[in-house]
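Raw contents of coords.cif, mmCIF, C-alpha atoms and all ligand atoms:
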data_upload
loop_
_atom_site.label_atom_id
_atom_site.label_comp_id
_atom_site.auth_asym_id
_atom_site.auth_seq_id
_atom_site.Cartn_x
_atom_site.Cartn_y
_atom_site.Cartn_z
CA MET A 1 17.48 -1.46 27.53
CA THR A 2 19.56 0.06 30.30
CA ASP A 3 20.52 3.72 30.14
CA ASP A 4 24.15 2.93 29.37
CA ALA A 5 23.31 0.59 26.47
CA PRO A 6 24.64 2.02 23.20
CA ALA A 7 21.92 3.78 21.22
CA TYR A 8 20.90 2.85 17.68
CA ALA A 9 22.57 5.36 15.38
CA GLY A 10 20.91 4.61 12.02
CA PRO A 11 18.70 7.01 10.08
CA ARG A 12 15.05 7.76 10.88
CA ARG A 13 12.68 5.64 8.84
CA ILE A 14 8.89 5.51 8.96
CA LEU A 15 7.03 2.33 8.07
CA SER A 16 3.52 0.97 8.28
CA GLY A 17 1.12 -1.39 6.52
CA ILE A 18 -2.54 -2.21 6.11
CA GLN A 19 -3.92 -5.71 5.60
CA ALA A 20 -5.40 -6.61 2.25
CA SER A 21 -8.52 -8.13 3.78
CA GLY A 22 -11.86 -6.38 3.42
CA ALA A 23 -12.85 -2.83 2.66
CA LEU A 24 -11.04 0.10 4.22
CA HIS A 25 -13.06 2.15 6.71
CA LEU A 26 -12.93 5.47 8.50
CA GLY A 27 -10.90 3.94 11.36
CA ASN A 28 -8.15 2.94 8.91
CA TYR A 29 -8.32 6.39 7.33
CA LEU A 30 -8.10 8.44 10.54
CA GLY A 31 -5.95 6.06 12.61
CA ALA A 32 -3.51 5.14 9.85
CA LEU A 33 -3.74 6.61 6.31
CA LYS A 34 -4.10 10.26 7.34
CA ARG A 35 -1.26 9.81 9.85
CA PHE A 36 1.07 8.32 7.21
CA VAL A 37 0.46 11.34 5.01
CA ALA A 38 1.15 13.72 7.89
CA LEU A 39 4.51 12.00 8.50
CA GLN A 40 5.75 11.28 4.99
CA ASP A 41 7.93 14.39 4.77
CA ALA A 42 9.62 13.80 8.13
CA ALA A 43 11.76 10.85 6.97
CA PRO A 44 11.87 8.18 4.25
CA THR A 45 8.50 6.42 4.44
CA PHE A 46 7.64 2.82 3.54
CA VAL A 47 4.01 1.75 3.31
CA PHE A 48 2.98 -1.66 2.14
CA VAL A 49 -0.08 -3.75 1.50
CA ALA A 50 0.08 -6.62 4.00
CA ASP A 51 -1.03 -9.47 1.75
CA LEU A 52 1.04 -12.08 3.63
CA HIS A 53 -0.86 -11.10 6.76
CA ALA A 54 -4.19 -11.21 4.90
CA ILE A 55 -3.89 -14.93 4.08
CA THR A 56 -3.72 -15.88 7.77
CA VAL A 57 -7.49 -16.15 7.24
CA TRP A 58 -8.97 -17.49 3.98
CA GLN A 59 -8.90 -15.05 1.06
CA ASP A 60 -10.34 -15.68 -2.36
CA PRO A 61 -7.27 -15.32 -4.62
CA ALA A 62 -8.95 -13.03 -7.20
CA VAL A 63 -10.35 -10.84 -4.43
CA LEU A 64 -6.95 -10.64 -2.74
CA THR A 65 -5.36 -9.24 -5.90
CA ALA A 66 -8.15 -6.68 -6.28
CA GLN A 67 -7.88 -5.69 -2.61
CA THR A 68 -4.15 -5.24 -2.88
CA ARG A 69 -4.70 -2.73 -5.67
CA GLU A 70 -7.51 -1.07 -3.72
CA ILE A 71 -5.30 -0.45 -0.70
CA ALA A 72 -2.54 0.90 -2.92
CA ALA A 73 -5.15 3.21 -4.47
CA ALA A 74 -6.21 4.34 -1.00
CA TYR A 75 -2.62 5.18 -0.08
CA ILE A 76 -2.20 7.35 -3.15
CA ALA A 77 -5.71 8.87 -2.94
CA SER A 78 -5.13 9.83 0.71
CA GLY A 79 -2.08 11.86 -0.30
CA LEU A 80 0.93 9.54 -0.16
CA ASP A 81 3.19 10.52 -3.02
CA PRO A 82 4.68 7.40 -4.66
CA ALA A 83 7.75 9.41 -5.65
CA ARG A 84 8.53 10.21 -2.01
CA SER A 85 6.95 7.25 -0.17
CA THR A 86 7.76 3.67 -1.12
CA ILE A 87 4.45 1.84 -1.71
CA PHE A 88 4.62 -1.91 -2.32
CA PRO A 89 2.98 -5.30 -1.78
CA GLN A 90 4.58 -7.14 1.15
CA SER A 91 4.74 -10.47 -0.72
CA ALA A 92 6.72 -8.88 -3.57
CA VAL A 93 9.73 -8.47 -1.26
CA SER A 94 10.63 -12.02 -0.27
CA ALA A 95 12.93 -10.81 2.52
CA HIS A 96 9.78 -10.30 4.68
CA SER A 97 9.14 -14.05 4.76
CA GLU A 98 12.82 -14.89 5.23
CA LEU A 99 13.29 -12.58 8.19
CA ALA A 100 9.97 -13.69 9.67
CA TRP A 101 11.24 -17.28 9.87
CA ILE A 102 14.44 -16.24 11.62
CA LEU A 103 12.49 -14.06 14.07
CA ASN A 104 10.08 -16.95 14.70
CA CYS A 105 13.09 -18.62 16.24
CA VAL A 106 13.85 -15.56 18.41
CA ALA A 107 10.31 -14.84 19.67
CA ARG A 108 9.10 -16.91 22.64
CA LEU A 109 5.83 -18.84 22.77
CA GLY A 110 4.96 -17.12 26.03
CA TRP A 111 5.16 -13.73 24.33
CA LEU A 112 2.78 -14.79 21.55
CA ASP A 113 0.40 -16.39 24.04
CA ARG A 114 -0.26 -12.92 25.42
CA MET A 115 -1.35 -11.38 22.10
CA THR A 116 -4.94 -10.23 22.49
CA GLN A 117 -5.63 -9.91 18.75
CA PHE A 118 -4.99 -13.62 18.24
CA LYS A 119 -7.47 -14.39 21.02
CA GLU A 120 -10.06 -12.08 19.43
CA LYS A 121 -9.53 -13.31 15.88
CA SER A 122 -9.31 -17.03 16.64
CA GLY A 123 -12.48 -16.88 18.78
CA LYS A 124 -13.71 -19.98 20.56
CA HIS A 125 -12.04 -22.45 18.21
CA LYS A 126 -8.37 -21.69 18.58
CA GLU A 127 -7.36 -25.14 17.31
CA ARG A 128 -8.98 -24.36 13.94
CA ALA A 129 -7.06 -21.11 13.41
CA SER A 130 -4.15 -21.16 10.97
CA VAL A 131 -0.64 -21.38 12.41
CA GLY A 132 0.03 -18.18 10.44
CA LEU A 133 -2.60 -16.32 12.48
CA TYR A 134 -0.69 -17.24 15.62
CA THR A 135 2.73 -16.14 14.36
CA TYR A 136 1.26 -13.10 12.60
CA PRO A 137 2.85 -10.60 15.05
CA VAL A 138 6.30 -12.07 14.32
CA LEU A 139 5.81 -11.38 10.61
CA GLN A 140 4.80 -7.86 11.61
CA ALA A 141 8.05 -7.51 13.57
CA ALA A 142 9.94 -8.70 10.48
CA ASP A 143 8.14 -6.10 8.32
CA ILE A 144 9.32 -3.35 10.63
CA LEU A 145 12.84 -4.53 11.45
CA LEU A 146 13.68 -5.39 7.84
CA TYR A 147 13.77 -1.66 7.09
CA LYS A 148 15.27 -0.80 10.48
CA ALA A 149 12.21 1.45 10.88
CA THR A 150 12.42 3.82 13.82
CA GLU A 151 8.79 5.03 13.82
CA VAL A 152 5.64 3.09 13.11
CA PRO A 153 2.39 5.08 12.80
CA VAL A 154 -0.55 2.85 13.75
CA GLY A 155 -3.92 2.87 15.52
CA GLU A 156 -4.13 1.93 19.19
CA ASP A 157 -5.02 -1.71 18.44
CA GLN A 158 -1.47 -2.33 17.16
CA LYS A 159 0.27 -1.16 20.34
CA GLN A 160 0.82 -4.68 21.69
CA HIS A 161 2.33 -5.84 18.38
CA LEU A 162 4.76 -2.93 18.50
CA GLU A 163 5.79 -3.83 22.04
CA LEU A 164 6.43 -7.39 20.85
CA THR A 165 8.52 -6.03 17.95
CA ARG A 166 10.69 -4.14 20.44
CA ASP A 167 11.10 -7.29 22.56
CA ILE A 168 12.09 -9.34 19.51
CA ALA A 169 14.56 -6.66 18.34
CA ALA A 170 16.15 -6.43 21.78
CA LYS A 171 16.45 -10.23 22.12
CA PHE A 172 18.00 -10.57 18.66
CA ASN A 173 20.52 -7.81 19.44
CA THR A 174 21.40 -9.43 22.78
CA ASP A 175 21.43 -13.09 21.68
CA PHE A 176 23.78 -12.40 18.79
CA GLY A 177 25.90 -9.76 20.54
CA VAL A 178 24.99 -6.99 18.06
CA PRO A 179 23.61 -4.39 20.49
CA CYS A 180 22.76 -1.73 17.90
CA PHE A 181 21.79 -3.87 14.92
CA PHE A 182 18.02 -3.42 15.11
CA PRO A 183 16.51 -0.20 16.43
CA LEU A 184 13.75 -0.49 19.02
CA PRO A 185 10.99 1.09 16.91
CA GLU A 186 8.63 3.63 18.44
CA PRO A 187 4.90 3.25 17.91
CA VAL A 188 3.44 6.57 16.75
CA ILE A 189 -0.13 6.49 18.02
CA GLN A 190 -1.21 10.08 17.64
CA GLY A 191 -4.15 12.32 16.82
CA PRO A 192 -7.68 12.46 18.20
CA ALA A 193 -8.83 9.22 16.50
CA THR A 194 -6.39 6.45 17.34
CA ARG A 195 -9.31 4.16 18.14
CA VAL A 196 -12.43 4.94 16.10
CA MET A 197 -15.42 3.06 17.48
CA SER A 198 -18.39 1.41 15.78
CA LEU A 199 -21.25 3.76 14.88
CA ARG A 200 -23.66 1.20 16.40
CA ASP A 201 -21.81 0.48 19.64
CA GLY A 202 -19.42 2.90 21.33
CA SER A 203 -17.70 0.05 23.17
CA ALA A 204 -16.66 -1.87 20.01
CA LYS A 205 -13.89 -0.86 17.62
CA MET A 206 -14.89 0.14 14.07
CA SER A 207 -13.76 -2.92 12.15
CA LYS A 208 -13.92 -4.52 8.73
CA SER A 209 -15.04 -7.77 10.35
CA ASP A 210 -18.16 -6.29 12.01
CA PRO A 211 -21.13 -8.01 10.31
CA SER A 212 -23.12 -4.75 10.30
CA ASP A 213 -22.19 -2.40 7.47
CA GLN A 214 -24.00 0.35 9.42
CA SER A 215 -21.24 0.13 12.06
CA ARG A 216 -18.62 1.65 9.78
CA ILE A 217 -18.07 4.22 7.05
CA ASN A 218 -16.26 2.54 4.16
CA LEU A 219 -13.90 4.52 1.99
CA THR A 220 -15.99 3.36 -0.96
CA ASP A 221 -19.31 4.69 0.48
CA ASP A 222 -20.97 7.50 -1.46
CA ALA A 223 -22.18 10.76 0.08
CA ASP A 224 -25.73 9.47 0.70
CA ALA A 225 -24.49 6.35 2.46
CA ILE A 226 -22.10 8.35 4.65
CA ALA A 227 -24.83 10.84 5.64
CA ALA A 228 -27.33 8.04 6.36
CA LYS A 229 -24.90 6.11 8.54
CA ILE A 230 -24.05 9.21 10.58
CA ARG A 231 -27.75 10.12 10.92
CA LYS A 232 -28.49 6.66 12.29
CA ALA A 233 -25.37 6.46 14.49
CA LYS A 234 -26.13 5.50 18.09
CA THR A 235 -26.04 8.40 20.55
CA ASP A 236 -27.42 9.26 23.98
CA PRO A 237 -30.23 11.76 24.63
CA GLU A 238 -28.08 14.50 26.24
CA PRO A 239 -26.69 17.52 24.38
CA LEU A 240 -22.92 17.65 23.88
CA PRO A 241 -21.11 18.66 27.09
CA GLU A 242 -19.56 22.08 27.66
CA THR A 243 -16.09 20.56 28.26
CA ALA A 244 -14.23 17.58 26.78
CA ASP A 245 -14.11 15.99 30.27
CA GLY A 246 -17.88 15.65 30.04
CA LEU A 247 -17.40 13.02 27.31
CA ALA A 248 -15.74 10.57 29.69
CA ASP A 249 -18.76 8.31 30.31
CA ARG A 250 -20.40 8.88 26.94
CA PRO A 251 -18.64 6.52 24.48
CA GLU A 252 -20.85 7.25 21.45
CA ALA A 253 -20.68 11.04 21.88
CA ARG A 254 -16.94 10.81 22.50
CA ASN A 255 -16.48 8.81 19.31
CA LEU A 256 -18.41 11.25 17.10
CA VAL A 257 -16.52 14.23 18.57
CA ALA A 258 -13.20 12.43 17.99
CA ILE A 259 -14.17 11.72 14.37
CA TYR A 260 -15.13 15.38 13.86
CA ALA A 261 -11.84 16.50 15.42
CA ALA A 262 -9.71 14.17 13.29
CA LEU A 263 -11.51 15.01 10.05
CA SER A 264 -11.18 18.76 10.65
CA ASP A 265 -7.61 18.64 12.05
CA GLN A 266 -8.76 20.07 15.37
CA THR A 267 -8.56 18.89 18.96
CA ARG A 268 -11.60 17.49 20.78
CA GLU A 269 -11.51 20.61 22.96
CA GLN A 270 -11.87 22.85 19.89
CA VAL A 271 -14.82 20.78 18.67
CA ILE A 272 -16.49 21.01 22.08
CA ALA A 273 -15.85 24.77 22.17
CA GLN A 274 -17.86 24.99 18.94
CA PHE A 275 -20.64 22.45 19.61
CA GLY A 276 -20.86 22.22 23.44
CA GLY A 277 -24.48 22.50 24.62
CA GLN A 278 -25.89 21.59 21.19
CA GLY A 279 -27.92 18.44 20.58
CA PHE A 280 -27.11 15.67 18.10
CA GLY A 281 -29.84 17.08 15.86
CA ALA A 282 -27.42 19.92 15.09
CA PHE A 283 -24.12 18.06 15.47
CA LYS A 284 -24.84 15.05 13.26
CA PRO A 285 -25.64 17.03 10.08
CA ALA A 286 -22.47 19.10 10.61
CA LEU A 287 -20.46 15.89 11.03
CA ALA A 288 -22.08 14.33 7.95
CA ASP A 289 -21.23 17.39 5.84
CA LEU A 290 -17.66 17.36 7.10
CA ALA A 291 -17.23 13.61 6.51
CA VAL A 292 -18.62 13.86 2.99
CA SER A 293 -16.44 16.83 2.06
CA ALA A 294 -13.30 15.23 3.55
CA LEU A 295 -13.84 11.75 2.10
CA ALA A 296 -15.37 12.57 -1.31
CA PRO A 297 -12.05 13.60 -2.93
CA VAL A 298 -10.33 10.49 -1.52
CA THR A 299 -13.11 8.21 -2.73
CA ALA A 300 -13.18 9.85 -6.17
CA GLU A 301 -9.42 9.50 -6.59
CA MET A 302 -9.56 5.86 -5.42
CA ARG A 303 -12.23 5.15 -8.05
CA ARG A 304 -10.18 6.87 -10.74
CA LEU A 305 -7.10 4.83 -9.85
CA MET A 306 -9.01 1.57 -9.64
CA ASP A 307 -10.22 2.18 -13.19
CA ASP A 308 -6.56 2.29 -14.20
CA PRO A 309 -4.97 -0.81 -12.64
CA ALA A 310 -1.91 -0.41 -14.87
CA GLU A 311 -1.04 2.85 -13.09
CA ILE A 312 -1.38 1.18 -9.67
CA ASP A 313 0.72 -1.75 -10.83
CA ARG A 314 3.49 0.59 -11.98
CA VAL A 315 3.58 2.18 -8.51
CA LEU A 316 3.63 -1.21 -6.78
CA LYS A 317 6.35 -2.61 -9.02
CA ASP A 318 8.57 0.43 -8.63
CA GLY A 319 7.91 0.43 -4.86
CA ALA A 320 8.78 -3.26 -4.56
CA GLU A 321 12.13 -2.66 -6.30
CA ARG A 322 12.95 0.28 -4.05
CA ALA A 323 11.86 -1.64 -0.93
CA ALA A 324 13.94 -4.69 -1.88
CA ALA A 325 16.99 -2.48 -2.36
CA ILE A 326 16.78 -1.62 1.36
CA ALA A 327 15.48 -4.95 2.66
CA ASP A 328 17.72 -7.44 0.84
CA PRO A 329 21.02 -6.18 2.29
CA VAL A 330 19.48 -6.22 5.79
CA VAL A 331 18.34 -9.82 5.51
CA ASP A 332 21.78 -10.71 4.11
CA GLU A 333 23.41 -9.17 7.16
CA VAL A 334 21.01 -11.06 9.43
CA LYS A 335 21.93 -14.36 7.75
CA LYS A 336 25.59 -13.60 8.32
CA ILE A 337 24.97 -12.69 11.97
CA VAL A 338 23.01 -15.92 12.52
CA GLY A 339 25.83 -17.95 10.94
CA PHE A 340 24.17 -19.27 7.79
CA TRP A 341 26.55 -20.63 5.17
CA ARG A 342 27.28 -18.03 2.54
CA GLY A 343 29.69 -19.72 0.12
P1 LIG B 401 -5.08 -3.44 9.95
O1 LIG B 401 -5.09 -3.74 8.49
O2 LIG B 401 -6.04 -4.16 10.83
O3 LIG B 401 -5.31 -1.90 10.17
C1 LIG B 401 -4.55 -0.94 9.45
C2 LIG B 401 -4.30 0.29 10.30
O4 LIG B 401 -5.55 0.88 10.67
C3 LIG B 401 -5.59 1.05 12.09
N1 LIG B 401 -6.98 0.86 12.54
C4 LIG B 401 -7.65 1.74 13.28
N2 LIG B 401 -7.29 2.96 13.77
C5 LIG B 401 -8.23 3.63 14.46
N3 LIG B 401 -9.49 3.14 14.72
C6 LIG B 401 -9.87 1.92 14.24
N4 LIG B 401 -11.10 1.47 14.46
C7 LIG B 401 -8.93 1.18 13.49
N5 LIG B 401 -8.97 -0.03 12.88
C8 LIG B 401 -7.77 -0.21 12.31
C9 LIG B 401 -4.68 -0.04 12.63
O5 LIG B 401 -4.23 0.26 13.94
C10 LIG B 401 -3.57 -0.04 11.62
O6 LIG B 401 -2.64 1.00 11.90
N6 LIG B 401 -1.12 -5.93 11.55
C11 LIG B 401 -1.52 -4.70 10.90
C12 LIG B 401 -0.89 -4.50 9.54
C13 LIG B 401 0.60 -4.59 9.57
C14 LIG B 401 1.50 -3.60 10.06
C15 LIG B 401 2.79 -4.14 9.86
C16 LIG B 401 1.32 -2.34 10.64
C17 LIG B 401 1.33 -5.63 9.11
N7 LIG B 401 2.65 -5.36 9.29
C18 LIG B 401 3.93 -3.43 10.23
C19 LIG B 401 2.48 -1.64 11.00
C20 LIG B 401 3.75 -2.19 10.82
C21 LIG B 401 -3.02 -4.75 10.72
O7 LIG B 401 -3.62 -5.80 10.65
O8 LIG B 401 -3.62 -3.57 10.54
#
Here is a file; write its structure as structure tokens.
Ligand code: TYM
Amino acid sequence: MTDDAPAYAGPRRILSGIQASGALHLGNYLGALKRFVALQDAAPTFVFVADLHAITVWQDPAVLTAQTREIAAAYIASGLDPARSTIFPQSAVSAHSELAWILNCVARLGWLDRMTQFKEKSGKHKERASVGLYTYPVLQAADILLYKATEVPVGEDQKQHLELTRDIAAKFNTDFGVPCFFPLPEPVIQGPATRVMSLRDGSAKMSKSDPSDQSRINLTDDADAIAAKIRKAKTDPEPLPETADGLADRPEARNLVAIYAALSDQTREQVIAQFGGQGFGAFKPALADLAVSALAPVTAEMRRLMDDPAEIDRVLKDGAERAAAIADPVVDEVKKIVGFWRG
């Protein structure tokens, strides 16, 4: 956008989602869930379970339903208040799919060809990946633009998808001569743990698809499992440095310090001020204690909620109605702008 382009004048809205595929881990908690909670009072907040995105790779139907509830439970257990934040399953608001199709016709193949997550997820056999996996970032753009969201809290791995969303919004606004229709949403990639790394390999992202369960802390792990995983986490032989700059070439140490900082709501510098010069023999038990005390209440509340699926379903149903009340008029306007017949 040029400086003299008219600015979007709509209200602030915060939106994000988590895929319903596989167990949630500490990366999701620190990079996303905890950030949503920190923002929910700043503006109306919409958080959904991305089940449409999940089926871009095969999901067992019964497991998908259970995982949808589990992610909703994690939202609530992390501190999102269903009365203030709108929590819903993506597929329950059909406007997501409708807008995604229209935006599929706005996005360019060349833009999607650059998406690194598709390359990572499709692996060596691109021709065997679902078409949905390829157009996945366009559905993500639809999720965001449907609510005219202005801020999208995510981990660092979603940055490219947010840039694509901005490109799609700008092209739609230009192509149809509606310069301020969609906002250009800002990614909010903040905090000390926007990219939590594997506990086994400081150069790989902590991920639900890593075959080693030792690489990640799951939100369903109990205290013993959390402590054991941290005890066995890969490190180097040096003590922690005296300054945060000293972490630059030490990916495993940097990761554990970032996790400590995010869990204790401190900066990396504050953590280094406390632990600089100490070995991992002292730091790891402190980190394990902190992780257990921070995650135990979340895990316990998730378990309680999962034992009461009816309560989760009430939240999701109410959320879907509130989400549709915002989304449906937007998709109606889009249809009018595009020129679809409207009787
Ligand atoms: P997903 O389900 O892979 O991840 C959910 C959120 O967790 C963050 N995250 C991490 N943050 C820090 N360190 C990590 N190791 C780590 N791993 C994951 C992700 O950045 C994300 O914020 N496409 C999205 C879901 C989505 C979405 C959206 C997000 C669908 N539509 C609209 C925002 C807006 C995804 O697959 O995230």
### Message
Within 9 Å of ligand LIG 401 (chain B) (counting all atoms listed in the file), which residues show up? I'd like them as a ChimeraX atom specification.
### Response
/A:15-22,24-33,47-54,90,136-137,139-144,152-159,161-162,187,189,193-198,204-208,216
### Message
For a quick check of understanding, using all atoms listed in the file, which of A:Ala248, A:Leu256, A:Ile326, A:Ala288 has the smallest distance to Thr45 in chain A?
### Response
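Ranked by minimum distance to Thr45 in chain A, first place goes to A:Ile326.
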### Task
Skip range 303-308 of chain A itself and residues of its chain fewer than 4 positions away, then list as an NGL selection string all residues within 10 Å of it, counting all atoms listed in the file.
:A and (66 or 69-74 or 76-77 or 220 or 297-299 or 312-313)
### Task
Tell me which of A:Leu103, A:Gln40, A:Ser212, A:Leu146 sits closest to Asp167 in chain A, counting only C-alpha atoms.
A:Leu103
### Message
Just the number, please: distance in Å from CA of Asn104 in chain A to CA of Lys124 in chain A, one decimal.
### Response
24.7 Å
Got a sec to check which residues sit within 7 Å of (-14.2, 21.1, 25.8), counting all atoms listed in the file, and write them as a JSON list (two decimals) with C-alpha atoms, in the frame of the given file?
[["chain", "number", "residue", "atom", "x", "y", "z"],
["A", 242, "GLU", "CA", -19.56, 22.08, 27.66],
["A", 243, "THR", "CA", -16.09, 20.56, 28.26],
["A", 244, "ALA", "CA", -14.23, 17.58, 26.78],
["A", 245, "ASP", "CA", -14.11, 15.99, 30.27],
["A", 268, "ARG", "CA", -11.60, 17.49, 20.78],
["A", 269, "GLU", "CA", -11.51, 20.61, 22.96],
["A", 270, "GLN", "CA", -11.87, 22.85, 19.89],
["A", 272, "ILE", "CA", -16.49, 21.01, 22.08],
["A", 273, "ALA", "CA", -15.85, 24.77, 22.17]]
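For Phe176 in chain A, the non-local neighbours within 8 Å, defined as residues at least 2 positions apart in the same chain or in other chains and counting all atoms listed in the file, are A:Phe172, A:Asn173, A:Thr174, A:Val178, A:Ile337, A:Val338.
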### Query
In Å, how far is it from CA of Leu199 in chain A to CA of Ser264 in chain A?
18.6 Å
